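All remarks here apply to the structure that follows.
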Amino acid sequence: MAVLLRVLPTLLPIIGLFGLYVAVLAIIPAARMRLRALVLALIFTGAMLYTLSYPFQVAPGVILDSRGAILGVAILFGGPWIGVVTAMAGAWYRLSLGGAGAMAGLFGLLLNLVGTLCLLRYQRVPWSLPTLATIGPPALRRPWLLSLLIGCWTGLSEALSLLFIPPFEQGWTLFVSSGPALAGIQLFGFFVMSSLLWIYQQRLSLGVALHQAELNLLLARREGDERFESIFEQAAIGIALVAPGGHLLKVNGKLCEILGFSHEVMVTLTFQDITYPEDLDSDLARVAQVIRGEIKTYQLEKRYVRSDGSLLWANLTVSLVQYADGTPHYFISFIEDISERKAYQQQVSTLAFQDVLTDLPNRRLFLDRLRFALKRSARSQLYGAVLLLDFDHFKTLNDTQGHDVGDRFLQCSAQRLRECVRAEDTVARLGGDEFVVILEGLGAQEAQAAGRAEHLAEQIRLALALPFSFERHEMSRQFQTTASIGICLFHADTSSLDDLLKHADMALYDAKAAGRNCICFYNIEMQYALEMRAVIQSALYHAQSQNELLIYAQAQVTAEGRMVGAELLLRWQHPKVGWISPAQFIPLAEETGAIMAIGRWVLLSACQTLARWALDERYAALTLAINVSIRQFRHASFVDEVKAILAETGAPPQRLEIEFTESIVIDNVADTIDKMQQLRAIGIRFSMDDFGTGYSSLSYLKKLPLDQIKIDQSFVRDISDDPDDAAIVAAILSISHSLALQVVAEGVETEAQRQFLASHGCGLYQGYLFGHPMPLAALEQQHLSAVYGPE
């Protein structure tokens, strides 16, 4: 213990080494490795020389000190080469001190150096580089084991060096008496120094690691920021960082380009400033949902207002970035310009749902809106109406002026229709010159709704009747026409959309049948009439071939009651329906063209009857009158056909009378007169039927080569009670006498009517008073009975 206490002062360099070592590491940066190694070599060499300068002498020429511990620390914390330099300095100084233990001291340093280097080599520590002095604690597999081995070897090598002090007995004695103390001192000194340095190195390494981690984090963050900035600025879509209140914190160049604002202006705005007002509420509602945590992100299509005031369609995707405590930090918004896609969609929608010519809804969109109008009517219990209309003579404009003028007329008419209706109403074009209007909310009462619909329809009719001006061949021209309108009301109990359209179409048909340029409402009687018309039209094609059409005759008599002739009348007896009125099927035959075959058949039958009567003196003086339709008379071969049938049958043309109405004359008076004169030249007589019902009948009396006129039964019916009818009939008879025209009064049913007509000079009569229409055989029998008495 006394030895240990006396050697302890030699450990002072060990304590000083710690402070100097720390100072070197702190002052000299690791980048200057050679300077740091040189300074450390000087420090460890100085410590070695210091400990040799103040030794503890145990025998003459034999000194004990802490050179072994200093050398071990120099090798472990300074590196192999600093250890070699320190060992050489210690060896030189020990030899210069001399004494019996000089060689033993040299041997101890060499033994310590070689053993420590071998241990480092065993632990694969490279000799060419410093270990802890430059790079912190060595990256060893087991650093604590190396320190233990070096410390133990340091103490052992110093103790063993005592055995080399001559003579051997003295060395052995010193080894036994002082060896353990010397080894303990070396080991204690080494571990004091190494522990202090290890603690410092660990703290230093920890600081370096923390600094490196912080540096790496900063570098990663900077790299991330640079990457974000690069992506943010080079993105092909607009990106904005938006504060929870709506202020634009950061925007990229693409967003500025899309909206047309500069970057400086953009960061002074809020997203509310650039959002189209109608889209703002939906956007704010989604923002509120995100802030409340109901959704994490949202996407919608919205409109933005550009710097020039124009609108931009964009696809917006928004996500919320939060602080660690969950409070909103900012929104990141991605704005993709979809204006071109929207324009394409609008174009497709226009082609699919709008009429290209007029920009009105087409049939498809109209049907869709009508379907929703019916649903709204069912919920509100308010009446609506469908107005179906077309122009009465549009084809004339197309045929005479060309389709380009016709298209401009339709565009003008579409604009007039828009101006007539309310904003909530729908105007659509179904095709051609056919338009339709949907009116909603007309009232809870049917009468009120009908009145409002009729009022609006009348406004439309008047607006469409205004002149249409256009340029043609550098001349200003005008076209004016009228429109027919069919109206059908709808309500909650409307059966179906198809029925509604069918009913509106029926009303339109009725408006045209009523003379055009008028308004008609649909009613159930109209539907029944049209359905019956469809049935009759279908059956009419087969009526003649199946012998359902019959020819009846009604006598024409003088004032004394003597029959002078008869009018042939068509009758139709359907096997299921029964008798069908001529007023129902004759107009249909006109429309369908069936009247041509039926008219020829009637003409042939009349000529065959006249030919047969001509061979029998009892009937030879009788005449037969047949009605000729306008379609039949207008046919180019009509005159030739009449002549051919007369020649075929051998009927006397003087006994044939052709009756026609004023409608035959109206369109082409010259052609009518020409055909009449050709037939009159062979003896055929002409009679104007329904005289007095037309607009220009009196003028025709002068122009046409007529033989007879027939006073319409509508005047004869009331001549006993209506002074006006009586005056008209008297005037007709007076004029006819002046023009030497024979007069036949139709519809004579009472004796009073006959007497009035007779008193005013009427020559011939036809009506129930003298006989109903009957088959020809019955008529012939009636004539025979009247002339020759009953058989």
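Residues are referred to by chain and number: the chain letter is A, B, ... according to the order shown in the structure tokens, the number counts from 1 in that chain, and ligands are numbered separately from 1 in the order shown.
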Pick out each residue of segment 463-575 of chain A that DSSP on the backbone tags as strand (DSSP E or B); I need them as a tab-separated table (two decimals) with C-alpha atoms, in the first residue's frame.
```tsv
chain	number	residue	atom	x	y	z
A	468	PHE	CA	-91.58	37.46	-92.09
A	469	SER	CA	-89.16	39.62	-94.08
A	470	PHE	CA	-86.23	38.20	-96.03
A	471	GLU	CA	-83.87	39.10	-98.85
A	472	ARG	CA	-84.05	37.17	-102.09
A	475	MET	CA	-84.88	42.23	-103.18
A	476	SER	CA	-86.71	42.58	-99.88
A	477	ARG	CA	-89.65	40.21	-99.66
A	478	GLN	CA	-92.21	39.15	-97.13
A	479	PHE	CA	-93.97	35.92	-96.33
A	483	ALA	CA	-100.57	28.62	-87.48
A	484	SER	CA	-103.02	26.00	-86.22
A	485	ILE	CA	-102.76	25.14	-82.53
A	486	GLY	CA	-104.05	22.13	-80.64
A	487	ILE	CA	-104.24	22.29	-76.84
A	488	CYS	CA	-104.51	19.45	-74.35
A	489	LEU	CA	-104.63	20.11	-70.60
A	490	PHE	CA	-102.91	17.73	-68.19
A	519	ILE	CA	-107.11	27.07	-81.71
A	520	CYS	CA	-108.83	23.87	-80.63
A	521	PHE	CA	-108.91	22.03	-77.30
A	549	LEU	CA	-120.72	0.37	-101.07
A	550	LEU	CA	-124.23	0.82	-102.46
A	551	ILE	CA	-125.65	3.32	-104.97
A	552	TYR	CA	-128.91	4.91	-103.90
A	553	ALA	CA	-130.98	7.48	-105.73
A	554	GLN	CA	-133.18	10.36	-104.59
A	555	ALA	CA	-135.86	11.68	-106.92
A	556	GLN	CA	-135.88	15.18	-108.35
A	557	VAL	CA	-139.45	16.35	-109.09
A	558	THR	CA	-141.32	19.32	-110.54
A	563	MET	CA	-140.19	12.92	-111.30
A	564	VAL	CA	-137.83	14.18	-113.98
A	565	GLY	CA	-134.67	12.61	-112.73
A	566	ALA	CA	-132.67	11.58	-109.70
A	567	GLU	CA	-129.34	12.18	-107.91
A	568	LEU	CA	-127.16	9.15	-107.27
A	569	LEU	CA	-125.95	8.95	-103.69
A	570	LEU	CA	-123.36	6.63	-102.13
A	571	ARG	CA	-124.23	4.53	-99.11
A	572	TRP	CA	-121.94	2.27	-97.08
A	573	GLN	CA	-123.25	-0.66	-95.12
A	574	HIS	CA	-120.46	-2.06	-93.00
```
Test item, helix (DSSP H, G or I) assignment across segment 269-511 of chain A, answer as a ChimeraX atom specification: /A:271-274,277-292,339-353,363-380,394-401,403-420,446-464,497-511
Non-local contacts of Thr649 of chain A (10 Å; only C-alpha atoms; under 3 positions in same chain excluded) as a count of residues only: 13
Long-range neighbours of Gln381 of chain A as a PyMOL selection string, 12 Å cut-off, only C-alpha atoms, 4 positions minimum in chain: chain A and resi 373-377+440-446+449+490-494
Shell around Pro705 of chain A at 10 Å using only C-alpha atoms, local window under 6 positions removed, as a list in words: Thr672, Ile673, Asp674, Met676, Gln677, Arg680, Arg685, Phe686 and Ser687 of chain A
Could the residues in this selection be written to a file with N, CA, C and O atoms, as a PDB file, in the first residue's frame?
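Once everything was written out, this is part_31.pdb:
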```pdb
ATOM      1  N   THR A 672    -111.081  24.612-114.970  1.00  0.00           N
ATOM      2  CA  THR A 672    -112.443  24.138-114.735  1.00  0.00           C
ATOM      3  C   THR A 672    -113.353  24.469-115.917  1.00  0.00           C
ATOM      4  O   THR A 672    -114.111  23.615-116.402  1.00  0.00           O
ATOM      5  N   ILE A 673    -113.269  25.690-116.382  1.00  0.00           N
ATOM      6  CA  ILE A 673    -114.108  26.113-117.511  1.00  0.00           C
ATOM      7  C   ILE A 673    -113.777  25.302-118.762  1.00  0.00           C
ATOM      8  O   ILE A 673    -114.675  24.870-119.521  1.00  0.00           O
ATOM      9  N   ASP A 674    -112.494  25.049-118.988  1.00  0.00           N
ATOM     10  CA  ASP A 674    -112.080  24.306-120.175  1.00  0.00           C
ATOM     11  C   ASP A 674    -112.673  22.889-120.177  1.00  0.00           C
ATOM     12  O   ASP A 674    -113.200  22.421-121.198  1.00  0.00           O
ATOM     13  N   MET A 676    -115.272  21.831-118.469  1.00  0.00           N
ATOM     14  CA  MET A 676    -116.736  21.895-118.559  1.00  0.00           C
ATOM     15  C   MET A 676    -117.177  22.098-120.002  1.00  0.00           C
ATOM     16  O   MET A 676    -118.145  21.462-120.488  1.00  0.00           O
ATOM     17  N   GLN A 677    -116.470  22.949-120.718  1.00  0.00           N
ATOM     18  CA  GLN A 677    -116.859  23.224-122.105  1.00  0.00           C
ATOM     19  C   GLN A 677    -116.647  22.003-123.002  1.00  0.00           C
ATOM     20  O   GLN A 677    -117.452  21.730-123.911  1.00  0.00           O
ATOM     21  N   ARG A 680    -119.491  19.716-122.043  1.00  0.00           N
ATOM     22  CA  ARG A 680    -120.785  20.309-122.410  1.00  0.00           C
ATOM     23  C   ARG A 680    -120.991  20.228-123.919  1.00  0.00           C
ATOM     24  O   ARG A 680    -122.133  20.167-124.421  1.00  0.00           O
ATOM     25  N   ARG A 685    -124.648  17.949-118.941  1.00  0.00           N
ATOM     26  CA  ARG A 685    -125.116  19.129-118.226  1.00  0.00           C
ATOM     27  C   ARG A 685    -124.344  19.255-116.898  1.00  0.00           C
ATOM     28  O   ARG A 685    -123.940  18.264-116.299  1.00  0.00           O
ATOM     29  N   PHE A 686    -124.201  20.517-116.439  1.00  0.00           N
ATOM     30  CA  PHE A 686    -123.464  20.784-115.198  1.00  0.00           C
ATOM     31  C   PHE A 686    -124.347  21.509-114.190  1.00  0.00           C
ATOM     32  O   PHE A 686    -125.112  22.416-114.561  1.00  0.00           O
ATOM     33  N   SER A 687    -124.170  21.111-112.926  1.00  0.00           N
ATOM     34  CA  SER A 687    -124.933  21.721-111.845  1.00  0.00           C
ATOM     35  C   SER A 687    -123.972  22.050-110.707  1.00  0.00           C
ATOM     36  O   SER A 687    -123.095  21.246-110.365  1.00  0.00           O
TER      37      SER A 687
END
```
Test item: residues at most 9 Å from segment 389-398 of chain A, only C-alpha atoms, excluding those fewer than 6 positions along its chain, as a list in words: Asp404, Val405, Gly406, Asp407, Phe409, Gly432, Asp433, Glu434, Phe435, Val436, Val437, Leu464, Phe479, Thr481, Thr482, Ala483, Ser484, Ile485, Gly486, Ile487, Asp505, Leu508, Lys512, Arg516 and Asn517 of chain A
Keeping only N, CA and C atoms, write those residues as a PDB file, in the first residue's frame.
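See part10.pdb below for the written result:
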```
ATOM      1  N   ASP A 404     -83.310  27.323 -97.576  1.00  0.00           N
ATOM      2  CA  ASP A 404     -82.539  28.247 -96.745  1.00  0.00           C
ATOM      3  C   ASP A 404     -83.447  29.336 -96.177  1.00  0.00           C
ATOM      4  N   VAL A 405     -84.368  29.834 -96.996  1.00  0.00           N
ATOM      5  CA  VAL A 405     -85.328  30.823 -96.498  1.00  0.00           C
ATOM      6  C   VAL A 405     -86.276  30.156 -95.508  1.00  0.00           C
ATOM      7  N   GLY A 406     -86.671  28.935 -95.803  1.00  0.00           N
ATOM      8  CA  GLY A 406     -87.532  28.205 -94.873  1.00  0.00           C
ATOM      9  C   GLY A 406     -86.873  28.017 -93.524  1.00  0.00           C
ATOM     10  N   ASP A 407     -85.555  27.729 -93.523  1.00  0.00           N
ATOM     11  CA  ASP A 407     -84.831  27.579 -92.252  1.00  0.00           C
ATOM     12  C   ASP A 407     -84.801  28.893 -91.483  1.00  0.00           C
ATOM     13  N   PHE A 409     -86.973  31.235 -91.668  1.00  0.00           N
ATOM     14  CA  PHE A 409     -88.336  31.452 -91.163  1.00  0.00           C
ATOM     15  C   PHE A 409     -88.572  30.663 -89.878  1.00  0.00           C
ATOM     16  N   GLY A 432     -89.555  19.465 -88.770  1.00  0.00           N
ATOM     17  CA  GLY A 432     -90.261  20.202 -89.806  1.00  0.00           C
ATOM     18  C   GLY A 432     -90.726  21.549 -89.284  1.00  0.00           C
ATOM     19  N   ASP A 433     -92.014  21.847 -89.489  1.00  0.00           N
ATOM     20  CA  ASP A 433     -92.575  23.105 -88.986  1.00  0.00           C
ATOM     21  C   ASP A 433     -93.479  22.856 -87.787  1.00  0.00           C
ATOM     22  N   GLU A 434     -93.242  21.762 -87.086  1.00  0.00           N
ATOM     23  CA  GLU A 434     -94.076  21.396 -85.943  1.00  0.00           C
ATOM     24  C   GLU A 434     -93.363  21.771 -84.642  1.00  0.00           C
ATOM     25  N   PHE A 435     -94.007  22.603 -83.841  1.00  0.00           N
ATOM     26  CA  PHE A 435     -93.463  23.054 -82.566  1.00  0.00           C
ATOM     27  C   PHE A 435     -94.422  22.641 -81.448  1.00  0.00           C
ATOM     28  N   VAL A 436     -93.885  22.634 -80.233  1.00  0.00           N
ATOM     29  CA  VAL A 436     -94.710  22.278 -79.090  1.00  0.00           C
ATOM     30  C   VAL A 436     -94.303  23.150 -77.907  1.00  0.00           C
ATOM     31  N   VAL A 437     -95.281  23.482 -77.067  1.00  0.00           N
ATOM     32  CA  VAL A 437     -95.042  24.323 -75.893  1.00  0.00           C
ATOM     33  C   VAL A 437     -95.625  23.602 -74.677  1.00  0.00           C
ATOM     34  N   LEU A 464     -97.122  34.589 -84.553  1.00  0.00           N
ATOM     35  CA  LEU A 464     -96.650  33.816 -85.700  1.00  0.00           C
ATOM     36  C   LEU A 464     -97.285  34.286 -87.006  1.00  0.00           C
ATOM     37  N   PHE A 479     -93.125  37.113 -96.299  1.00  0.00           N
ATOM     38  CA  PHE A 479     -93.968  35.916 -96.325  1.00  0.00           C
ATOM     39  C   PHE A 479     -94.828  35.945 -95.076  1.00  0.00           C
ATOM     40  N   THR A 481     -97.983  33.780 -93.043  1.00  0.00           N
ATOM     41  CA  THR A 481     -98.810  32.588 -92.961  1.00  0.00           C
ATOM     42  C   THR A 481     -99.461  32.532 -91.595  1.00  0.00           C
ATOM     43  N   THR A 482    -100.212  31.497 -91.359  1.00  0.00           N
ATOM     44  CA  THR A 482    -100.918  31.337 -90.081  1.00  0.00           C
ATOM     45  C   THR A 482    -100.513  30.017 -89.454  1.00  0.00           C
ATOM     46  N   ALA A 483    -100.891  29.841 -88.208  1.00  0.00           N
ATOM     47  CA  ALA A 483    -100.571  28.615 -87.478  1.00  0.00           C
ATOM     48  C   ALA A 483    -101.846  28.038 -86.881  1.00  0.00           C
ATOM     49  N   SER A 484    -101.935  26.719 -86.894  1.00  0.00           N
ATOM     50  CA  SER A 484    -103.021  26.000 -86.219  1.00  0.00           C
ATOM     51  C   SER A 484    -102.469  25.428 -84.929  1.00  0.00           C
ATOM     52  N   ILE A 485    -103.259  25.531 -83.862  1.00  0.00           N
ATOM     53  CA  ILE A 485    -102.762  25.144 -82.527  1.00  0.00           C
ATOM     54  C   ILE A 485    -103.762  24.191 -81.887  1.00  0.00           C
ATOM     55  N   GLY A 486    -103.251  23.072 -81.418  1.00  0.00           N
ATOM     56  CA  GLY A 486    -104.054  22.129 -80.643  1.00  0.00           C
ATOM     57  C   GLY A 486    -103.604  22.140 -79.198  1.00  0.00           C
ATOM     58  N   ILE A 487    -104.561  22.182 -78.269  1.00  0.00           N
ATOM     59  CA  ILE A 487    -104.242  22.290 -76.843  1.00  0.00           C
ATOM     60  C   ILE A 487    -104.832  21.081 -76.110  1.00  0.00           C
ATOM     61  N   ASP A 505    -102.260  16.039 -80.510  1.00  0.00           N
ATOM     62  CA  ASP A 505    -102.249  15.888 -81.963  1.00  0.00           C
ATOM     63  C   ASP A 505    -103.673  15.860 -82.531  1.00  0.00           C
ATOM     64  N   LEU A 508    -104.868  19.381 -82.650  1.00  0.00           N
ATOM     65  CA  LEU A 508    -104.272  20.082 -83.786  1.00  0.00           C
ATOM     66  C   LEU A 508    -104.968  19.689 -85.089  1.00  0.00           C
ATOM     67  N   LYS A 512    -107.003  22.160 -87.756  1.00  0.00           N
ATOM     68  CA  LYS A 512    -106.819  22.233 -89.199  1.00  0.00           C
ATOM     69  C   LYS A 512    -108.125  21.946 -89.923  1.00  0.00           C
ATOM     70  N   ARG A 516    -108.152  25.901 -90.286  1.00  0.00           N
ATOM     71  CA  ARG A 516    -106.785  26.399 -90.020  1.00  0.00           C
ATOM     72  C   ARG A 516    -106.824  27.781 -89.361  1.00  0.00           C
ATOM     73  N   ASN A 517    -105.656  28.225 -88.929  1.00  0.00           N
ATOM     74  CA  ASN A 517    -105.518  29.522 -88.275  1.00  0.00           C
ATOM     75  C   ASN A 517    -106.480  29.651 -87.095  1.00  0.00           C
TER      76      ASN A 517
END
```
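Residues in contact with His635 of chain A at up to 12 Å, not including ones fewer than 3 positions away on its chain and judged by only C-alpha atoms, are Gly593, Ile595, Met596, Gly599, Arg600, Val628, Ser629, Ile630, Arg631, Gln632, Phe638, Val639, Asp640, Glu641, Val642, Ile664, Asp671, Thr672 and Lys675 of chain A.
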Selected residue, from A:Asn668, A:Ser734, A:Gln459, A:Gln766, that lies nearest to Asp712 of chain A when counting only C-alpha atoms: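 Residue with the minimum atom-to-atom distance to Asp712 of chain A: A:Gln766.
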Using only C-alpha atoms: which of A:Leu248, A:Val744, A:Leu497, A:Leu210 has the shortest distance to Phe366 of chain A: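 Residue with the minimum atom-to-atom distance to Phe366 of chain A: A:Leu497.
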Point-to-point distance from atom CA of Thr86 of chain A to atom CA of Ala59 of chain A, Å rounded to tenths: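 These two atoms are separated by 25.5 Å.
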Two-atom distance - atom CA of His247 of chain A, atom CA of Leu218 of chain A (Å):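 Atom-to-atom, atom CA of His247 of chain A and atom CA of Leu218 of chain A are spaced 28.8 Å apart.
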Separation of atom CA of Lys643 of chain A from atom CA of Leu679 of chain A in Å: 8.0 Å
Nearest-residue call for Ile732 of chain A, choices A:Asn216, A:Thr693, A:Thr270, A:Thr154, using only C-alpha atoms: A:Thr693
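Distance annotation: of A:Ala352, A:Leu739, A:Ala324, A:Ile28, the residue with the minimal separation from Lys703 of chain A is A:Leu739; atom set is only C-alpha atoms.
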